[in-house]
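Undergrad: mmCIF, C-alpha atoms, saved as my_file12.cif, coming up:
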data_start
loop_
_atom_site.label_atom_id
_atom_site.label_comp_id
_atom_site.auth_asym_id
_atom_site.auth_seq_id
_atom_site.Cartn_x
_atom_site.Cartn_y
_atom_site.Cartn_z
CA MET F 1 69.12 137.79 101.98
CA ASN F 2 67.82 134.82 100.02
CA ARG F 3 70.94 134.95 97.83
CA LEU F 4 73.36 135.65 100.68
CA LEU F 5 72.47 132.57 102.74
CA PRO F 6 73.19 130.02 99.96
CA ALA F 7 76.46 131.82 99.22
CA ILE F 8 77.51 131.52 102.88
CA VAL F 9 76.54 127.85 102.94
CA ASN F 10 78.54 127.18 99.76
CA ARG F 11 81.58 128.88 101.25
CA LEU F 12 81.25 126.87 104.47
CA VAL F 13 81.10 123.65 102.47
CA ILE F 14 84.48 124.59 100.97
CA ILE F 15 86.03 126.10 104.10
CA ILE F 16 85.25 123.24 106.51
CA PRO F 17 87.29 120.54 104.64
CA TYR F 18 90.21 122.94 104.21
CA ALA F 19 90.05 123.89 107.89
CA TRP F 20 90.06 120.19 108.78
CA LEU F 21 93.16 119.60 106.64
CA LEU F 22 94.84 122.66 108.12
CA VAL F 23 94.28 121.61 111.74
CA PHE F 24 94.84 117.86 111.46
CA PHE F 25 97.34 117.60 108.59
CA LEU F 26 99.27 120.76 107.79
CA ILE F 27 99.91 121.97 111.34
CA PRO F 28 101.10 118.54 112.61
CA PHE F 29 103.31 118.21 109.53
CA VAL F 30 104.86 121.62 110.22
CA ILE F 31 105.56 120.55 113.80
CA VAL F 32 107.20 117.31 112.62
CA LEU F 33 109.21 119.24 110.01
CA ARG F 34 110.36 121.68 112.71
CA ILE F 35 111.57 118.80 114.90
CA SER F 36 113.36 117.18 111.95
CA LEU F 37 115.42 120.35 111.50
CA SER F 38 116.49 120.33 115.15
CA GLU F 39 119.33 118.61 116.98
CA ALA F 40 118.99 115.68 119.37
CA ALA F 41 119.62 116.38 123.06
CA VAL F 42 119.38 114.71 126.45
CA ALA F 43 116.36 116.67 127.59
CA MET F 44 112.59 116.61 127.60
CA PRO F 45 111.60 116.84 124.85
CA PRO F 46 114.82 115.22 123.55
CA TYR F 47 115.76 117.84 120.96
CA LEU F 48 116.98 121.42 120.73
CA PRO F 49 114.47 123.44 118.67
CA VAL F 50 116.01 125.69 116.05
CA PHE F 51 113.33 128.25 116.79
CA ALA F 52 110.53 128.80 119.27
CA TRP F 53 106.98 129.76 118.43
CA ALA F 54 107.19 132.57 120.99
CA ASP F 55 109.88 134.29 118.92
CA GLY F 56 107.31 135.41 116.40
CA LEU F 57 107.84 136.05 112.71
CA SER F 58 111.00 138.11 113.16
CA GLY F 59 112.59 135.43 115.31
CA PHE F 60 111.60 132.77 112.81
CA ILE F 61 113.29 134.65 109.96
CA ASP F 62 116.45 135.04 112.03
CA ASN F 63 116.55 131.36 112.91
CA VAL F 64 115.93 130.12 109.36
CA ARG F 65 119.68 130.40 108.81
CA GLN F 66 120.18 127.89 111.64
CA PHE F 67 118.12 125.17 109.97
CA SER F 68 120.12 121.96 109.81
CA PHE F 69 119.51 119.23 107.26
CA ASP F 70 122.00 116.90 108.94
CA ASN F 71 119.23 114.49 109.89
CA TYR F 72 118.17 114.13 106.24
CA VAL F 73 121.79 113.68 105.17
CA TRP F 74 122.15 110.98 107.83
CA LEU F 75 119.21 109.09 106.35
CA THR F 76 120.90 108.98 102.94
CA GLU F 77 124.17 107.74 104.43
CA ASP F 78 122.71 104.88 106.49
CA ALA F 79 121.54 101.94 104.35
CA LEU F 80 119.10 100.88 107.09
CA TYR F 81 116.64 103.62 106.21
CA THR F 82 116.94 103.17 102.44
CA ASN F 83 116.33 99.44 102.81
CA ALA F 84 113.40 100.11 105.14
CA TYR F 85 111.76 102.44 102.60
CA ILE F 86 112.32 99.97 99.75
CA SER F 87 111.08 97.03 101.82
CA SER F 88 107.98 98.94 102.94
CA LEU F 89 107.11 100.01 99.40
CA THR F 90 107.64 96.48 98.09
CA ILE F 91 105.53 94.83 100.78
CA ALA F 92 102.80 97.45 100.40
CA LEU F 93 102.78 97.07 96.61
CA ILE F 94 102.55 93.26 96.72
CA SER F 95 99.89 93.41 99.44
CA THR F 96 97.85 95.90 97.41
CA ALA F 97 98.02 93.68 94.32
CA LEU F 98 96.94 90.61 96.34
CA THR F 99 94.13 92.57 97.96
CA LEU F 100 92.90 93.73 94.54
CA LEU F 101 92.94 90.17 93.18
CA ILE F 102 90.84 88.95 96.11
CA ALA F 103 88.55 91.97 96.45
CA TYR F 104 87.55 92.33 92.80
CA PRO F 105 85.62 89.01 92.54
CA ILE F 106 83.96 89.75 95.89
CA ALA F 107 82.88 93.24 94.81
CA TYR F 108 81.78 91.96 91.39
CA GLY F 109 79.68 89.23 92.98
CA MET F 110 78.11 91.75 95.36
CA ALA F 111 77.29 94.10 92.49
CA ARG F 112 75.66 91.30 90.46
CA ALA F 113 73.78 89.84 93.42
CA PRO F 114 70.02 90.46 93.79
CA ALA F 115 69.20 93.92 95.15
CA THR F 116 67.58 92.46 98.26
CA LEU F 117 70.77 90.55 99.14
CA ARG F 118 73.26 93.40 98.63
CA PRO F 119 72.73 95.12 102.02
CA THR F 120 73.45 91.84 103.81
CA LEU F 121 76.62 91.24 101.77
CA LEU F 122 77.71 94.83 102.42
CA MET F 123 77.18 94.34 106.15
CA LEU F 124 79.32 91.17 106.08
CA VAL F 125 82.17 93.15 104.48
CA ILE F 126 81.94 95.85 107.15
CA LEU F 127 81.45 93.35 110.00
CA PRO F 128 85.19 92.95 110.86
CA PHE F 129 85.31 96.66 111.79
CA TRP F 130 83.07 95.84 114.77
CA THR F 131 86.05 94.09 116.38
CA SER F 132 89.24 95.78 117.52
CA PHE F 133 91.97 95.86 114.89
CA LEU F 134 94.53 94.73 117.45
CA ILE F 135 92.43 91.75 118.53
CA ARG F 136 92.02 90.65 114.90
CA VAL F 137 95.78 90.76 114.35
CA TYR F 138 96.40 88.79 117.55
CA ALA F 139 93.91 86.21 116.31
CA TRP F 140 96.11 85.59 113.28
CA ILE F 141 98.98 84.71 115.64
CA ALA F 142 96.85 81.88 117.03
CA ILE F 143 96.01 80.78 113.50
CA LEU F 144 99.48 80.95 111.90
CA LYS F 145 101.81 79.79 114.67
CA PRO F 146 103.36 76.29 114.27
CA GLU F 147 100.90 74.74 116.72
CA GLY F 148 98.08 77.00 115.56
CA LEU F 149 94.71 76.24 114.00
CA LEU F 150 95.92 76.27 110.39
CA ASN F 151 98.72 73.76 110.95
CA GLN F 152 96.46 71.54 113.07
CA LEU F 153 93.90 71.47 110.27
CA LEU F 154 96.49 70.68 107.57
CA LEU F 155 98.14 68.01 109.71
CA SER F 156 94.85 66.34 110.59
CA THR F 157 93.84 66.15 106.92
CA GLY F 158 97.24 64.76 105.90
CA ILE F 159 98.04 67.61 103.52
CA ILE F 160 101.34 68.29 105.30
CA SER F 161 103.55 66.06 107.44
CA GLN F 162 105.13 68.80 109.56
CA PRO F 163 103.98 72.27 110.63
CA LEU F 164 104.46 75.15 108.23
CA ILE F 165 106.57 78.10 109.38
CA ILE F 166 104.36 81.06 108.45
CA LEU F 167 104.46 83.27 111.53
CA ASN F 168 107.35 85.77 111.69
CA THR F 169 107.74 85.79 107.90
CA ASN F 170 106.74 88.15 105.11
CA THR F 171 103.98 85.71 104.19
CA ALA F 172 102.31 86.39 107.54
CA ILE F 173 102.59 90.12 106.89
CA TYR F 174 100.91 89.76 103.49
CA ILE F 175 98.12 87.69 105.07
CA GLY F 176 97.61 90.26 107.84
CA ILE F 177 97.59 93.27 105.53
CA VAL F 178 95.29 91.65 102.96
CA TYR F 179 92.86 90.54 105.67
CA SER F 180 92.90 93.87 107.53
CA TYR F 181 92.56 96.15 104.50
CA LEU F 182 90.32 93.98 102.31
CA PRO F 183 87.16 96.00 103.13
CA PHE F 184 88.92 99.20 102.04
CA MET F 185 89.39 97.64 98.61
CA VAL F 186 85.98 95.98 98.35
CA LEU F 187 83.89 99.04 99.16
CA PRO F 188 85.22 101.40 96.41
CA LEU F 189 85.11 98.55 93.88
CA TYR F 190 81.54 97.70 94.84
CA SER F 191 80.53 101.34 94.58
CA ALA F 192 81.94 101.58 91.06
CA LEU F 193 80.60 98.22 89.86
CA GLU F 194 77.16 98.68 91.41
CA LYS F 195 76.60 101.88 89.42
CA MET F 196 77.66 100.31 86.12
CA ASP F 197 75.08 99.63 83.43
CA HIS F 198 75.32 95.86 82.99
CA SER F 199 73.41 96.06 79.72
CA LEU F 200 76.67 97.28 78.15
CA THR F 201 78.32 93.90 78.69
CA GLU F 202 75.23 92.14 77.37
CA ALA F 203 75.34 94.31 74.26
CA ALA F 204 79.06 93.55 73.82
CA GLN F 205 78.37 89.81 74.00
CA ASP F 206 75.50 90.17 71.51
CA LEU F 207 78.00 91.81 69.13
CA GLY F 208 80.36 88.83 69.37
CA CYS F 209 82.54 89.49 72.43
CA THR F 210 83.32 86.57 74.67
CA PRO F 211 82.53 87.04 78.39
CA ILE F 212 86.25 87.50 79.17
CA SER F 213 86.72 89.99 76.33
CA ALA F 214 83.60 91.90 77.41
CA PHE F 215 84.96 92.06 80.95
CA TRP F 216 88.31 93.56 79.90
CA ARG F 217 86.76 95.91 77.32
CA ILE F 218 83.71 97.09 79.28
CA THR F 219 83.59 96.14 82.96
CA PHE F 220 87.17 96.67 84.04
CA PRO F 221 87.68 100.09 82.36
CA LEU F 222 84.44 101.37 83.90
CA SER F 223 85.56 100.17 87.33
CA LEU F 224 88.97 101.86 87.17
CA PRO F 225 87.95 104.74 89.50
CA GLY F 226 87.10 102.16 92.15
CA VAL F 227 90.32 100.25 91.46
CA VAL F 228 92.44 103.39 91.89
CA ALA F 229 90.58 104.50 95.01
CA GLY F 230 90.85 101.06 96.59
CA CYS F 231 94.55 100.72 95.76
CA LEU F 232 95.30 104.10 97.33
CA LEU F 233 93.27 103.28 100.45
CA VAL F 234 95.28 100.06 100.90
CA PHE F 235 98.73 101.09 99.69
CA ILE F 236 99.10 104.32 101.67
CA PRO F 237 98.45 102.91 105.18
CA ALA F 238 100.25 99.65 104.32
CA VAL F 239 103.52 101.51 103.65
CA GLY F 240 103.60 102.92 107.17
CA GLU F 241 102.04 99.89 108.88
CA PHE F 242 103.54 99.06 112.28
CA VAL F 243 101.23 96.70 114.20
CA ILE F 244 101.02 93.93 111.59
CA PRO F 245 104.80 93.73 110.85
CA ASP F 246 105.59 93.90 114.56
CA LEU F 247 103.19 91.13 115.62
CA LEU F 248 103.18 88.86 112.56
CA GLY F 249 106.53 89.65 110.97
CA GLY F 250 108.80 89.32 113.97
CA SER F 251 111.95 91.16 114.89
CA GLU F 252 113.72 90.58 111.56
CA THR F 253 111.06 92.37 109.50
CA LEU F 254 112.33 95.65 108.08
CA MET F 255 109.62 98.23 107.47
CA ILE F 256 109.68 101.96 107.87
CA GLY F 257 106.92 101.92 110.50
CA LYS F 258 109.00 99.76 112.84
CA THR F 259 112.12 101.81 112.09
CA LEU F 260 110.25 105.00 112.91
CA TRP F 261 108.97 103.54 116.18
CA ASN F 262 112.44 102.40 117.20
CA GLU F 263 113.97 105.82 116.51
CA PHE F 264 111.19 107.62 118.35
CA ASN F 265 110.79 105.39 121.42
CA ALA F 266 113.85 103.14 121.78
CA ASN F 267 116.60 105.50 120.58
CA ARG F 268 114.76 108.67 121.67
CA ASP F 269 116.06 110.40 118.55
CA TRP F 270 113.10 112.61 117.73
CA PRO F 271 114.82 114.70 115.02
CA VAL F 272 115.83 111.63 112.98
CA SER F 273 112.44 109.97 113.46
CA SER F 274 110.73 113.19 112.36
CA ALA F 275 112.93 113.29 109.26
CA VAL F 276 111.95 109.67 108.52
CA ALA F 277 108.27 110.58 108.87
CA ALA F 278 108.62 113.70 106.69
CA ILE F 279 110.30 111.76 103.86
CA LEU F 280 107.68 109.01 104.12
CA LEU F 281 104.92 111.59 103.83
CA MET F 282 106.54 113.16 100.78
CA ILE F 283 106.99 109.74 99.16
CA LEU F 284 103.25 109.11 99.54
CA VAL F 285 101.83 112.58 98.86
CA VAL F 286 103.85 113.61 95.81
CA PRO F 287 102.76 110.69 93.57
CA ILE F 288 99.14 111.25 94.64
CA MET F 289 99.37 114.90 93.63
CA PHE F 290 100.79 113.97 90.23
CA PHE F 291 98.02 111.38 89.80
CA GLN F 292 95.33 113.90 90.67
CA ASN F 293 96.77 116.43 88.23
CA ALA F 294 96.91 113.82 85.47
CA GLN F 295 93.35 112.71 86.26
CA SER F 296 92.09 116.30 86.15
CA ARG F 297 93.85 116.82 82.83
CA LEU F 298 92.23 113.71 81.39
CA ASP F 299 88.83 114.83 82.64
CA ARG F 300 89.24 118.21 80.96
CA GLU F 301 90.33 116.57 77.70
CA GLY F 302 87.36 114.19 77.89
CA ARG F 303 84.98 117.12 78.12
#
For this file, write the structure as structure tokens.
TA:
Amino acid sequence: MNRLLPAIVNRLVIIIPYAWLLVFFLIPFVIVLRISLSEAAVAMPPYLPVFAWADGLSGFIDNVRQFSFDNYVWLTEDALYTNAYISSLTIALISTALTLLIAYPIAYGMARAPATLRPTLLMLVILPFWTSFLIRVYAWIAILKPEGLLNQLLLSTGIISQPLIILNTNTAIYIGIVYSYLPFMVLPLYSALEKMDHSLTEAAQDLGCTPISAFWRITFPLSLPGVVAGCLLVFIPAVGEFVIPDLLGGSETLMIGKTLWNEFNANRDWPVSSAVAAILLMILVVPIMFFQNAQSRLDREGR
């Protein structure tokens, strides 16, 4: 009995995360994939399912032959969707790079701060989460609009002679994404830098390395796990972001999140919107799987 109980606990530790992924990831993805293989219709819901769950396994096998990939073919023929994917990936990539450039000095300063001050600095990073995400994005509208706080400050100090047009541009989107997702970059970086043995950089400098050389040879390589984790935590949600482009980017902004919303709600084309979501998920998941496999291979070689 003493051996059986730990074995059960160990199995539960493994089963619970997989059950969570099954219920909240795999099953919803299968539902979306099922809708993407259907045909649009004037009904509720607005599509004709290619098979029904009540048909059972035999009915599913019979209806597999009726699967239609017309919605996926349509996405390749319409340049709107290709441009939306490219634009989303570009904006997410630039935003992730900007977030990393801003977050790394913050995390490094937190890691090198006195131990008694670190909890306070950590709380300040987490503090924005105490306010609604939507309210924080709306606040940036009041800051960035032509008669907003930023332009009033710059005009009053004489730095500019006329208001800057920032709102409803890609610049506003970058500002919104960097501000909103900055904690997601700071926290993994701080976790990696805080655990690092700072005596290594001191030893490198004693051996003749300049502070900059010691940083690139010692500090940055040791913080790479935090860099990768932070970049993934920012890049993945930024690709499918909808609220920030819609509020700060304006109607001319082309991102896949807005395109998906328009297809799902405005056009009521659930099959096409499901195909858009399925391709977006594959674009994000497949590179992560390759990265994890490469990381596992490197770990095995390092051992």
Undergrad: Work out how far apart atom CA of Leu247 of chain F and atom CA of Val137 of chain F are and give it in Å to one decimal.
TA: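 Those two atoms sit 7.5 Å apart.
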Undergrad: Could you please determine the separation between atom CA of Leu33 of chain F and atom CA of Ala275 of chain F in Å, to one decimal place?
TA: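 Separating atom CA of Leu33 of chain F from atom CA of Ala275 of chain F is a distance of 7.1 Å.
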Undergrad: Hey, can you check how far atom CA of Ala238 of chain F sits from atom CA of Thr169 of chain F?
TA: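 Calculated distance between atom CA of Ala238 of chain F and atom CA of Thr169 of chain F is 16.2 Å.
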Undergrad: Going by the chain IDs and residue numbers used in this file, which residues fall under the PyMOL selection byres ((chain F and resi 226) around 8)? Write them as number ranges by chain.
TA: F: 188-193, 223-225, 227-230
Undergrad: So that I can check the surroundings of Thr82 of chain F, please list as a list of chain:residue names every protein, DNA and RNA residue that reaches within 12 Å of it, counting all atoms listed in the file and ignoring chain neighbours fewer than 5 positions away.
TA: F:Tyr72, F:Val73, F:Trp74, F:Leu75, F:Thr76, F:Glu77, F:Ser87, F:Ser88, F:Leu89, F:Leu254, F:Met255, F:Ile256, F:Thr259, F:Val276, F:Ile279, F:Leu280
Undergrad: With all atoms listed in the file as the counted atoms, please give the residues lying no more than 9 Å from Val32 of chain F, apart from itself and same-chain residues fewer than 3 positions off, as a list in words.
TA: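 Here the answer would be Ile27, Pro28, Phe29, Ile35, Ser36, Leu37, Pro271, Ser274, Ala275, Ala277 and Ala278 of chain F.
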Undergrad: Take every atom of segment 252-261 of chain F listed in the file, pad by 8 Å on each side, and give me the axis-aligned box centre and edge lengths in Å, one decimal, as lines of an AutoDock Vina configuration file.
TA:
center_x = 110.3
center_y = 97.8
center_z = 111.8
size_x = 22.8
size_y = 30.4
size_z = 24.7
Undergrad: Which of these residues is nearest to Val125 of chain F, using only C-alpha atoms: F:Met185, F:Ile160, F:Leu155, F:Ile141?
TA: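 Closest residue, counting only C-alpha atoms: F:Met185.
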Undergrad: Given the file shown, determine the residues that the PyMOL selection byres ((chain F and resi 110-117) around 12) selects; report them as an MDAnalysis selection string.
TA: chainID F and resid 103:109 118:125 186:199 219 223
Undergrad: Could you list, as a PyMOL selection string, every residue matched by the PyMOL selection byres ((chain F and resi 175) around 12) in this structure?
TA: chain F and resi 91-92+94-96+98-99+102+136-137+140-141+143-144+166-174+176-182+244-245+248-249
Undergrad: Please produce an output containing C-alpha atoms for each residue in the selection, written as an mmCIF file, in the coordinates of the input.
TA:
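Listed below is the output, out21.cif:
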data_model
loop_
_atom_site.group_PDB
_atom_site.id
_atom_site.type_symbol
_atom_site.label_atom_id
_atom_site.label_comp_id
_atom_site.auth_asym_id
_atom_site.auth_seq_id
_atom_site.Cartn_x
_atom_site.Cartn_y
_atom_site.Cartn_z
ATOM 1 C CA ILE F 91 105.530 94.830 100.780
ATOM 2 C CA ALA F 92 102.800 97.450 100.400
ATOM 3 C CA ILE F 94 102.550 93.260 96.720
ATOM 4 C CA SER F 95 99.890 93.410 99.440
ATOM 5 C CA THR F 96 97.850 95.900 97.410
ATOM 6 C CA LEU F 98 96.940 90.610 96.340
ATOM 7 C CA THR F 99 94.130 92.570 97.960
ATOM 8 C CA ILE F 102 90.840 88.950 96.110
ATOM 9 C CA ARG F 136 92.020 90.650 114.900
ATOM 10 C CA VAL F 137 95.780 90.760 114.350
ATOM 11 C CA TRP F 140 96.110 85.590 113.280
ATOM 12 C CA ILE F 141 98.980 84.710 115.640
ATOM 13 C CA ILE F 143 96.010 80.780 113.500
ATOM 14 C CA LEU F 144 99.480 80.950 111.900
ATOM 15 C CA ILE F 166 104.360 81.060 108.450
ATOM 16 C CA LEU F 167 104.460 83.270 111.530
ATOM 17 C CA ASN F 168 107.350 85.770 111.690
ATOM 18 C CA THR F 169 107.740 85.790 107.900
ATOM 19 C CA ASN F 170 106.740 88.150 105.110
ATOM 20 C CA THR F 171 103.980 85.710 104.190
ATOM 21 C CA ALA F 172 102.310 86.390 107.540
ATOM 22 C CA ILE F 173 102.590 90.120 106.890
ATOM 23 C CA TYR F 174 100.910 89.760 103.490
ATOM 24 C CA GLY F 176 97.610 90.260 107.840
ATOM 25 C CA ILE F 177 97.590 93.270 105.530
ATOM 26 C CA VAL F 178 95.290 91.650 102.960
ATOM 27 C CA TYR F 179 92.860 90.540 105.670
ATOM 28 C CA SER F 180 92.900 93.870 107.530
ATOM 29 C CA TYR F 181 92.560 96.150 104.500
ATOM 30 C CA LEU F 182 90.320 93.980 102.310
ATOM 31 C CA ILE F 244 101.020 93.930 111.590
ATOM 32 C CA PRO F 245 104.800 93.730 110.850
ATOM 33 C CA LEU F 248 103.180 88.860 112.560
ATOM 34 C CA GLY F 249 106.530 89.650 110.970
#
Undergrad: Regenerate segment 93-103 of chain F at the level of all heavy atoms and dump it as a compact mmCIF listing (two decimals), in the coordinates of the input.
TA:
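Okay, rebuild13.txt is ready:
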# COMPACT_ATOMS: atom_id res chain seq x y z
N LEU F 93 103.19 97.26 97.99
CA LEU F 93 102.78 97.07 96.61
C LEU F 93 102.26 95.65 96.38
O LEU F 93 101.20 95.46 95.76
CB LEU F 93 103.95 97.37 95.67
CG LEU F 93 103.66 97.36 94.17
CD1 LEU F 93 102.63 98.43 93.82
CD2 LEU F 93 104.94 97.58 93.37
N ILE F 94 102.98 94.66 96.88
CA ILE F 94 102.55 93.26 96.72
C ILE F 94 101.23 93.03 97.47
O ILE F 94 100.31 92.37 96.95
CB ILE F 94 103.63 92.30 97.21
CG1 ILE F 94 104.90 92.43 96.34
CG2 ILE F 94 103.13 90.86 97.21
CD1 ILE F 94 106.07 91.60 96.84
N SER F 95 101.12 93.57 98.66
CA SER F 95 99.89 93.41 99.44
C SER F 95 98.71 94.06 98.74
O SER F 95 97.59 93.50 98.74
CB SER F 95 100.06 94.01 100.83
OG SER F 95 101.13 93.39 101.54
N THR F 96 98.93 95.22 98.13
CA THR F 96 97.85 95.90 97.41
C THR F 96 97.40 95.09 96.21
O THR F 96 96.21 94.96 95.94
CB THR F 96 98.32 97.30 96.96
OG1 THR F 96 98.73 98.07 98.10
CG2 THR F 96 97.19 98.03 96.25
N ALA F 97 98.36 94.50 95.49
CA ALA F 97 98.02 93.68 94.32
C ALA F 97 97.23 92.44 94.76
O ALA F 97 96.23 92.07 94.13
CB ALA F 97 99.28 93.27 93.58
N LEU F 98 97.65 91.78 95.84
CA LEU F 98 96.94 90.61 96.34
C LEU F 98 95.53 90.99 96.81
O LEU F 98 94.56 90.26 96.57
CB LEU F 98 97.72 89.96 97.48
CG LEU F 98 99.07 89.33 97.11
CD1 LEU F 98 99.79 88.86 98.38
CD2 LEU F 98 98.87 88.17 96.16
N THR F 99 95.44 92.13 97.49
CA THR F 99 94.13 92.57 97.96
C THR F 99 93.19 92.85 96.80
O THR F 99 92.00 92.52 96.84
CB THR F 99 94.28 93.84 98.82
OG1 THR F 99 95.24 93.61 99.86
CG2 THR F 99 92.96 94.23 99.46
N LEU F 100 93.72 93.45 95.73
CA LEU F 100 92.90 93.73 94.54
C LEU F 100 92.42 92.44 93.89
O LEU F 100 91.25 92.33 93.49
CB LEU F 100 93.70 94.57 93.55
CG LEU F 100 93.01 94.91 92.22
CD1 LEU F 100 91.73 95.72 92.46
CD2 LEU F 100 93.96 95.66 91.30
N LEU F 101 93.31 91.44 93.79
CA LEU F 101 92.94 90.17 93.18
C LEU F 101 91.84 89.47 93.97
O LEU F 101 90.96 88.81 93.39
CB LEU F 101 94.16 89.26 93.07
CG LEU F 101 95.23 89.68 92.06
CD1 LEU F 101 96.43 88.75 92.15
CD2 LEU F 101 94.67 89.70 90.65
N ILE F 102 91.86 89.60 95.29
CA ILE F 102 90.84 88.95 96.11
C ILE F 102 89.57 89.79 96.17
O ILE F 102 88.45 89.26 96.13
CB ILE F 102 91.39 88.71 97.53
CG1 ILE F 102 92.59 87.75 97.47
CG2 ILE F 102 90.31 88.17 98.46
CD1 ILE F 102 93.30 87.57 98.80
N ALA F 103 89.71 91.10 96.24
CA ALA F 103 88.55 91.97 96.45
C ALA F 103 87.70 92.13 95.20
O ALA F 103 86.48 92.28 95.30
CB ALA F 103 89.01 93.35 96.93
